[in-house]
file upload.cif (mmCIF, C-alpha atoms)
data_structure
#
loop_
_atom_site.label_atom_id
_atom_site.label_comp_id
_atom_site.auth_asym_id
_atom_site.auth_seq_id
_atom_site.Cartn_x
_atom_site.Cartn_y
_atom_site.Cartn_z
CA MET A 1 2.36 14.49 8.49
CA ALA A 2 -0.58 12.43 9.67
CA SER A 3 0.03 11.13 13.14
CA SER A 4 0.71 7.47 13.68
CA GLU A 5 -2.28 7.40 16.04
CA LEU A 6 -4.60 8.77 13.34
CA ILE A 7 -3.29 6.25 10.80
CA ASP A 8 -3.76 3.39 13.28
CA ARG A 9 -7.32 4.47 14.09
CA PHE A 10 -8.19 4.73 10.40
CA VAL A 11 -6.77 1.33 9.46
CA ASP A 12 -8.36 -0.24 12.57
CA HIS A 13 -11.66 1.19 11.31
CA LEU A 14 -11.12 -0.33 7.84
CA GLU A 15 -10.11 -3.70 9.29
CA GLY A 16 -13.20 -3.61 11.49
CA LEU A 17 -15.36 -3.41 8.37
CA GLU A 18 -13.72 -6.58 7.10
CA ARG A 19 -14.01 -8.37 10.46
CA ARG A 20 -17.72 -7.52 10.56
CA GLU A 21 -17.99 -8.67 6.96
CA ASP A 22 -19.63 -5.36 6.08
CA ARG A 23 -19.79 -6.01 2.35
CA GLY A 24 -21.82 -2.85 1.74
CA ALA A 25 -19.18 -0.63 3.32
CA LEU A 26 -16.36 -2.40 1.44
CA ALA A 27 -18.27 -1.91 -1.82
CA LYS A 28 -18.62 1.80 -1.03
CA LEU A 29 -14.86 2.01 -0.49
CA ARG A 30 -14.19 0.18 -3.78
CA ARG A 31 -16.25 2.78 -5.64
CA GLY A 32 -13.43 5.21 -4.90
CA VAL A 33 -10.96 3.24 -7.03
CA GLY A 34 -9.86 5.29 -10.00
CA ARG A 35 -11.71 8.36 -8.81
CA ARG A 36 -10.49 11.58 -7.31
CA PRO A 37 -10.81 11.95 -3.53
CA GLY A 38 -14.38 12.68 -2.55
CA GLU A 39 -15.95 11.71 -5.90
CA ALA A 40 -17.36 8.47 -4.49
CA VAL A 41 -19.75 10.35 -2.24
CA GLU A 42 -21.16 7.17 -0.67
CA SER A 43 -17.72 6.43 0.86
CA LEU A 44 -17.39 9.82 2.58
CA PRO A 45 -19.02 8.81 5.90
CA LEU A 46 -16.51 5.94 6.14
CA ILE A 47 -13.46 8.13 5.50
CA VAL A 48 -14.05 11.79 6.41
CA PRO A 49 -14.15 11.34 10.22
CA PHE A 50 -10.53 10.13 10.07
CA LEU A 51 -9.02 12.65 7.66
CA PRO A 52 -6.04 14.80 8.62
CA PHE A 53 -6.30 18.53 7.99
CA ASP A 54 -3.70 18.53 5.21
CA ASP A 55 -5.44 17.91 1.86
CA ARG A 56 -2.40 16.22 0.35
CA GLN A 57 -2.39 13.70 3.18
CA ALA A 58 -6.15 13.32 2.86
CA ASP A 59 -5.59 12.07 -0.69
CA ALA A 60 -3.54 9.20 0.73
CA PHE A 61 -6.39 8.27 3.10
CA PHE A 62 -8.88 8.16 0.22
CA CYS A 63 -6.48 6.10 -1.89
CA VAL A 64 -5.82 3.56 0.87
CA ALA A 65 -9.52 3.27 1.70
CA ALA A 66 -10.37 2.42 -1.92
CA LEU A 67 -7.48 -0.05 -2.17
CA PHE A 68 -8.52 -1.69 1.09
CA GLY A 69 -12.00 -2.14 -0.37
CA LEU A 70 -10.38 -4.03 -3.26
CA HIS A 71 -8.26 -6.34 -1.12
CA PRO A 72 -9.16 -6.35 2.58
CA GLU A 73 -7.19 -9.50 3.43
CA PRO A 74 -5.52 -9.11 6.85
CA GLY A 75 -1.99 -10.06 7.75
CA GLY A 76 0.21 -7.95 5.50
CA ARG A 77 3.68 -7.12 6.79
CA GLY A 78 6.27 -4.73 5.44
CA ASN A 79 6.11 -2.16 2.69
CA PHE A 80 5.04 -2.39 -0.92
CA GLY A 81 8.44 -3.74 -1.97
CA ASP A 82 7.61 -6.77 0.19
CA VAL A 83 4.22 -7.05 -1.54
CA PHE A 84 5.88 -7.09 -4.95
CA ARG A 85 8.43 -9.63 -3.80
CA GLY A 86 5.47 -11.81 -2.79
CA LEU A 87 4.11 -11.48 -6.33
CA GLY A 88 7.26 -13.09 -7.73
CA GLU A 89 10.32 -11.77 -9.48
CA HIS A 90 9.14 -12.26 -13.04
CA GLU A 91 9.75 -9.54 -15.59
CA SER A 92 6.20 -8.17 -15.71
CA ALA A 93 6.08 -7.70 -11.92
CA GLN A 94 9.47 -6.02 -11.98
CA LYS A 95 8.35 -3.65 -14.76
CA ARG A 96 5.21 -2.75 -12.80
CA PHE A 97 7.29 -2.16 -9.70
CA VAL A 98 9.75 0.11 -11.51
CA ALA A 99 6.85 2.07 -13.04
CA LEU A 100 5.33 2.45 -9.57
CA LEU A 101 8.59 3.71 -8.09
CA ASN A 102 8.95 6.23 -10.92
CA CYS A 103 5.38 7.49 -10.99
CA HIS A 104 4.26 10.99 -10.13
CA GLU A 105 1.85 11.33 -7.21
CA ASP A 106 -0.99 12.03 -9.67
CA GLU A 107 -0.49 8.55 -11.20
CA LEU A 108 0.08 6.72 -7.94
CA GLY A 109 -3.52 5.59 -7.42
CA GLU A 110 -3.67 3.95 -10.83
CA HIS A 111 -0.37 2.10 -10.37
CA LEU A 112 -1.38 0.97 -6.90
CA ARG A 113 -4.79 -0.20 -8.13
CA HIS A 114 -3.12 -2.56 -10.62
CA ALA A 115 -0.68 -3.80 -7.99
CA VAL A 116 -3.38 -4.39 -5.36
CA THR A 117 -5.54 -6.22 -7.89
CA LEU A 118 -2.59 -8.49 -8.65
CA ALA A 119 -1.90 -8.97 -4.93
CA ARG A 120 -5.53 -9.97 -4.40
CA PHE A 121 -5.30 -12.47 -7.27
CA LYS A 122 -2.08 -13.97 -5.81
CA ASN A 123 -3.38 -13.86 -2.19
CA VAL A 124 -0.58 -11.55 -1.05
CA PRO A 125 -1.77 -9.47 1.94
CA ILE A 126 -0.93 -5.78 2.26
CA ASP A 127 0.11 -3.83 5.33
CA PHE A 128 -2.24 -0.88 4.87
CA ARG A 129 -0.82 0.97 7.88
CA GLN A 130 2.60 0.97 6.28
CA LEU A 131 1.17 1.85 2.89
CA LEU A 132 -0.66 4.86 4.33
CA ARG A 133 2.45 6.03 6.17
CA ASP A 134 4.48 5.67 3.00
CA LEU A 135 1.98 7.51 0.81
CA THR A 136 2.01 10.52 3.13
CA TYR A 137 5.75 10.83 2.35
CA TRP A 138 5.65 9.87 -1.35
CA THR A 139 6.66 13.33 -2.57
CA HIS A 140 9.50 13.84 -0.10
CA PRO A 141 12.48 15.22 -2.06
CA GLU A 142 14.82 12.52 -0.75
CA ARG A 143 12.47 9.79 -2.08
CA PHE A 144 13.21 7.64 0.94
CA VAL A 145 9.92 5.74 0.60
CA GLN A 146 10.82 4.62 -2.91
CA LEU A 147 14.29 3.61 -1.71
CA GLU A 148 12.86 1.56 1.16
CA TRP A 149 10.47 -0.20 -1.23
CA ALA A 150 13.39 -0.94 -3.57
CA LYS A 151 15.45 -2.35 -0.69
CA ALA A 152 12.57 -4.60 0.32
CA TYR A 153 12.11 -5.87 -3.24
CA TRP A 154 15.68 -6.24 -4.49
CA GLY A 155 17.65 -6.16 -1.24
CA HIS A 156 16.62 -9.62 -0.06
CA ALA A 157 18.76 -11.24 -2.77
CA ALA A 158 21.86 -9.45 -1.47
CA ARG A 159 21.06 -10.49 2.10
CA HIS A 160 20.58 -14.08 0.96
CA ASP A 161 23.93 -13.98 -0.88
CA ASP A 162 25.61 -12.62 2.26
CA ASP A 163 24.12 -15.48 4.31
CA THR A 164 25.40 -18.03 1.79
CA THR A 165 28.87 -16.46 1.79
CA THR A 166 28.95 -16.52 5.59
CA ASP A 167 27.83 -20.17 5.64
CA THR A 168 30.52 -21.11 3.11
CA MET A 169 33.25 -19.26 5.01
CA GLU A 170 32.32 -21.00 8.27
CA SER A 171 32.52 -24.47 6.68
#
call {"tool": "encode", "arguments": {"input": "upload.cif", "output": "structure tokens"}}
result
Amino acid sequence: MASSELIDRFVDHLEGLERREDRGALAKLRRGVGRRPGEAVESLPLIVPFLPFDDRQADAFFCVAALFGLHPEPGGRGNFGDVFRGLGEHESAQKRFVALLNCHEDELGEHLRHAVTLARFKNVPIDFRQLLRDLTYWTHPERFVQLEWAKAYWGHAARHDDDTTTDTMES
């Protein structure tokens, strides 16, 4: 898998574009949304120097770069389950989240594009380092990424219930 150091350098590079307010570079990244890796030729100089050797992992780098171009707001924490929790627990968000968890890797970019667009609209920041790490493991047979996202989205209610039970028992 892509090293943590490589992921950090890549996301630092993307965040640097936002800090410098390099609107041209962010627009080039956005052109990759909905396209196959490498089809947005103008974005290649911004992405290729950071790519891992594994093509499957490279797809995740292209996907994250395009999504960052859509919503480069800093400050995201946690995984994509946390992002969806920030969007609210209404039925449409939950349906989108379930569809995302169930999607095949070939459909992942499209599902993430919709989710990131919604996150931008709701001002919910995204942890792109975590997203890139997660995408490099999306196809793992144990589906641990999907499980972690589900825990972040639905698990907080159980933790809150446990806290309430503990508070009641101590009274």
call {"tool": "atom_distance", "arguments": {"input": "upload.cif", "atom1": "CA of Arg120 (chain A)", "atom2": "CA of Val41 (chain A)"}}
result
24.9 Å
call {"tool": "closest_residue", "arguments": {"input": "upload.cif", "among": "A:Val33, A:Ala150, A:Ile126, A:Leu26", "to": "Phe97 (chain A)", "atoms": "all atoms listed in the file"}}
result
A:Ala150
call {"tool": "closest_residue", "arguments": {"input": "upload.cif", "among": "A:Phe144, A:Pro52, A:Phe68, A:His13", "to": "Leu112 (chain A)", "atoms": "only C-alpha atoms"}}
result
A:Phe68
call {"tool": "closest_residue", "arguments": {"input": "upload.cif", "among": "A:Arg96, A:Arg85, A:His140, A:His90", "to": "Pro125 (chain A)", "atoms": "all atoms listed in the file"}}
result
A:Arg85
call {"tool": "closest_residue", "arguments": {"input": "upload.cif", "among": "A:Glu39, A:Glu110, A:Asp82, A:Glu18", "to": "Tyr153 (chain A)", "atoms": "all atoms listed in the file"}}
result
A:Asp82
call {"tool": "closest_residue", "arguments": {"input": "upload.cif", "among": "A:Glu42, A:Ala99, A:Leu147, A:Gln94", "to": "Ala27 (chain A)", "atoms": "only C-alpha atoms"}}
result
A:Glu42
